[in-house]
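Heads up, the thing below is written out as structure tokens.
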Amino acid sequence: MIQLPSDEDIPFKKIRRKFSELFAYLKRVRPIEGGLIEMTPNGFKVNRPLERRFYPQFAPTVVRAFDEAGGADASGTKLFIRTGYVFGPWDYSGSDSDRLNAINQFPFEPKIGTTLLSADDPPSLSLEPGYTNFILLKIDWSQRVDVIGKSGVGGSFTIFPVLNAKVTVDGTDHTVTSTDTSLYGNGVTVDISEVNYYVTNVSIITQTSENMPQENGSTYILMGHFTLDNFGAVSEQGWFMEGPVWTHKHPRVVDSTTSGDDRTEPPDTINPDDLTLENLHDIPSYVETG
């Protein structure tokens with residue numbers, strides 16, 4: 001039979017001290033989020049598990065500024081944007097297999113100015129009071145031209161025409177075939193170039209003009225808008241981007257004789273008369289002047 005110790009043999013003070021030390025350690029280290037037992041004057045209480053709040057990529061945060069007297073600094077309103085990524089093709093100069101980089105997607109982290117969003121001292125955009133501030137994601141593109149043809153011409157593919165033509169010379173029929181696969185052999189040589197586009201830079205800018213920027217070689221995506229009153233407080237807002245961005249430009253196959261004089265690459269953008277941010281997205285309470 002088990003002999004229970006008497007009250008005199010139980011070191012209550014030592015047990016309480018050890019329990020307090022263990023509990024203080026658990027509160028400091030927090031090996032498990034939530035669920036810890038807390039000792040109160042009314043007994044033990046189990047804390048509710050902590051619920052982690054999810055912040056999507058490119059989530060915006062507006063911060064206002066105040067002077068020493070507590071008054072609002074109208075020109076000090078800043079917009080901070082959570083780190084996000086744009087996935088797009090990347091160029092690596094080395095061999096003909098580089099065209100695969102136009103198919104694969106690589107992560108690009110945008111910058112505000114020259115600072116990455118994930119910097120220890122995160123960058124911000126200054127919002128102008130009395131205006132609607134449009135926030136735009138700017139993607140800059142470049143291109144590379146790969147020759148598609150015989151390896152001797154510089155391409156990595158062989159495209160050889162199959163001919164079945166007949167000519168009559170002095171009453172004798174002659175058949176023209178494409179049996180010679182050597183460089184520039186019998187038949188017709190077809191030289192084709194493939195234009196692949198890749199991302200060179202991604203940045204975030206702000207503007208108060210309602211006209212979408214028209215810049216050759218760049219793509220602009222409207223991320224959101226913030227309308228500020230004359231005191232720098234946000235009166236209207238809208239945000240459209242909550243997650244990573246996938247971007248791609250399909251390659252173009254052109255005659256290898258096509259030069260820059262025939263067409264600008266990337267093609268110039270079209271500027272219709274009614275292309276404005278307000279008309280495209282029906283933004284309410286648009287402020288034209290301060």
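Going by the structure tokens order, chains are called A, B, ..., each with residues numbered from 1, while ligands are numbered from 1 in the order shown.
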
Near-Asn104 of chain A list (8 Å; only C-alpha atoms; drop same-chain fewer than 5 positions) as a VMD selection string = chain A and resid 88 to 90

Can you tell me, as number ranges by chain, what residues are no more than 7 Å from segment 70-83 of chain A when counting only C-alpha atoms, ignoring any on the same chain fewer than 6 positions away?
-> A: 57-64, 117-118, 123-129, 230-232

Any chance you can output those residues with N, CA and C atoms as a PDB file, in the first residue's frame?
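The resulting part_14.pdb:
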```pdb
ATOM      1  N   GLN A  57       0.500  39.931 -49.918  1.00  0.00           N
ATOM      2  CA  GLN A  57       1.537  40.702 -50.597  1.00  0.00           C
ATOM      3  C   GLN A  57       0.942  41.996 -51.138  1.00  0.00           C
ATOM      4  N   PHE A  58       1.749  43.058 -51.074  1.00  0.00           N
ATOM      5  CA  PHE A  58       1.398  44.397 -51.555  1.00  0.00           C
ATOM      6  C   PHE A  58       0.278  45.043 -50.727  1.00  0.00           C
ATOM      7  N   ALA A  59       0.057  44.574 -49.502  1.00  0.00           N
ATOM      8  CA  ALA A  59      -0.958  45.200 -48.657  1.00  0.00           C
ATOM      9  C   ALA A  59      -0.523  46.620 -48.302  1.00  0.00           C
ATOM     10  N   PRO A  60      -1.404  47.636 -48.442  1.00  0.00           N
ATOM     11  CA  PRO A  60      -1.015  49.028 -48.187  1.00  0.00           C
ATOM     12  C   PRO A  60      -1.269  49.441 -46.737  1.00  0.00           C
ATOM     13  N   THR A  61      -0.458  50.367 -46.268  1.00  0.00           N
ATOM     14  CA  THR A  61      -0.634  50.979 -44.950  1.00  0.00           C
ATOM     15  C   THR A  61      -0.356  52.471 -45.071  1.00  0.00           C
ATOM     16  N   VAL A  62      -1.348  53.297 -44.727  1.00  0.00           N
ATOM     17  CA  VAL A  62      -1.204  54.750 -44.787  1.00  0.00           C
ATOM     18  C   VAL A  62      -0.864  55.264 -43.394  1.00  0.00           C
ATOM     19  N   VAL A  63       0.179  56.079 -43.306  1.00  0.00           N
ATOM     20  CA  VAL A  63       0.637  56.636 -42.041  1.00  0.00           C
ATOM     21  C   VAL A  63       0.606  58.155 -42.139  1.00  0.00           C
ATOM     22  N   ARG A  64      -0.067  58.797 -41.180  1.00  0.00           N
ATOM     23  CA  ARG A  64      -0.117  60.254 -41.162  1.00  0.00           C
ATOM     24  C   ARG A  64       0.959  60.809 -40.243  1.00  0.00           C
ATOM     25  N   LEU A 117      11.277  46.837 -51.321  1.00  0.00           N
ATOM     26  CA  LEU A 117      10.193  46.872 -50.338  1.00  0.00           C
ATOM     27  C   LEU A 117      10.568  46.167 -49.039  1.00  0.00           C
ATOM     28  N   SER A 118      11.442  45.144 -49.130  1.00  0.00           N
ATOM     29  CA  SER A 118      11.809  44.357 -47.952  1.00  0.00           C
ATOM     30  C   SER A 118      13.006  44.922 -47.194  1.00  0.00           C
ATOM     31  N   PRO A 123      10.881  51.598 -47.690  1.00  0.00           N
ATOM     32  CA  PRO A 123      10.589  52.856 -48.392  1.00  0.00           C
ATOM     33  C   PRO A 123       9.096  53.176 -48.335  1.00  0.00           C
ATOM     34  N   SER A 124       8.756  54.390 -48.718  1.00  0.00           N
ATOM     35  CA  SER A 124       7.353  54.809 -48.723  1.00  0.00           C
ATOM     36  C   SER A 124       7.124  55.792 -49.858  1.00  0.00           C
ATOM     37  N   LEU A 125       5.851  55.983 -50.190  1.00  0.00           N
ATOM     38  CA  LEU A 125       5.432  56.958 -51.186  1.00  0.00           C
ATOM     39  C   LEU A 125       4.759  58.131 -50.482  1.00  0.00           C
ATOM     40  N   SER A 126       5.083  59.345 -50.887  1.00  0.00           N
ATOM     41  CA  SER A 126       4.453  60.532 -50.327  1.00  0.00           C
ATOM     42  C   SER A 126       3.153  60.808 -51.079  1.00  0.00           C
ATOM     43  N   LEU A 127       2.067  60.965 -50.330  1.00  0.00           N
ATOM     44  CA  LEU A 127       0.754  61.243 -50.914  1.00  0.00           C
ATOM     45  C   LEU A 127       0.446  62.727 -50.799  1.00  0.00           C
ATOM     46  N   GLU A 128      -0.032  63.308 -51.889  1.00  0.00           N
ATOM     47  CA  GLU A 128      -0.301  64.743 -51.922  1.00  0.00           C
ATOM     48  C   GLU A 128      -1.698  65.041 -51.382  1.00  0.00           C
ATOM     49  N   PRO A 129      -1.804  65.988 -50.454  1.00  0.00           N
ATOM     50  CA  PRO A 129      -3.126  66.354 -49.932  1.00  0.00           C
ATOM     51  C   PRO A 129      -3.941  67.112 -50.975  1.00  0.00           C
ATOM     52  N   ASN A 230      -7.562  68.249 -47.701  1.00  0.00           N
ATOM     53  CA  ASN A 230      -6.515  69.272 -47.593  1.00  0.00           C
ATOM     54  C   ASN A 230      -5.692  69.157 -46.315  1.00  0.00           C
ATOM     55  N   PHE A 231      -6.124  68.308 -45.377  1.00  0.00           N
ATOM     56  CA  PHE A 231      -5.386  68.113 -44.130  1.00  0.00           C
ATOM     57  C   PHE A 231      -4.555  66.829 -44.147  1.00  0.00           C
ATOM     58  N   GLY A 232      -4.553  66.123 -45.272  1.00  0.00           N
ATOM     59  CA  GLY A 232      -3.739  64.915 -45.396  1.00  0.00           C
ATOM     60  C   GLY A 232      -4.421  63.646 -44.948  1.00  0.00           C
TER      61      GLY A 232
END
```

Which residues, written as an MDAnalysis selection string, have at least one atom at most 10 Å from Gln105 of chain A, with only C-alpha atoms counted and residues fewer than 5 positions away on the same chain left out?
-> chainID A and resid 86:90 100 198 246:248

Which residues are near Asp229 of chain A? Cut-off 10 Å, only C-alpha atoms, ignore same chain within fewer than 5 positions. Put them as a PDB file with C-alpha atoms, in the first residue's frame.
```
ATOM      1  CA  ALA A  74      -0.877  67.650 -44.360  1.00  0.00           C
ATOM      2  CA  GLU A 128      -0.301  64.743 -51.922  1.00  0.00           C
ATOM      3  CA  PRO A 129      -3.126  66.354 -49.932  1.00  0.00           C
ATOM      4  CA  GLY A 130      -6.143  67.602 -51.857  1.00  0.00           C
ATOM      5  CA  TYR A 131      -5.667  65.154 -54.718  1.00  0.00           C
ATOM      6  CA  THR A 132      -6.432  61.588 -55.770  1.00  0.00           C
ATOM      7  CA  VAL A 234      -7.741  59.767 -46.502  1.00  0.00           C
ATOM      8  CA  SER A 235     -11.323  60.444 -47.581  1.00  0.00           C
ATOM      9  CA  GLU A 236     -11.691  57.811 -50.313  1.00  0.00           C
ATOM     10  CA  VAL A 287     -10.471  65.423 -56.600  1.00  0.00           C
ATOM     11  CA  GLY A 290      -6.153  70.959 -54.155  1.00  0.00           C
TER      12      GLY A 290
END
```

So what do you get for atom CA of Asn196 of chain A versus atom CA of Ser142 of chain A, distance-wise?
-> 8.5 Å

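Nearest to Pro213 of chain A of all the residues A:Leu137, A:Ala119, A:Leu22, A:Ile112 is A:Leu137, counting only C-alpha atoms.
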
Contacts of Gln237 of chain A at 8 Å (only C-alpha atoms; same-chain gap of 2+ positions) as a PyMOL selection string | chain A and resi 224-227+234-235+239

So how far away is atom CA of Phe54 of chain A from atom CA of Phe106 of chain A, in Å?
->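 Separation between atom CA of Phe106 of chain A and atom CA of Phe54 of chain A: 24.2 Å.
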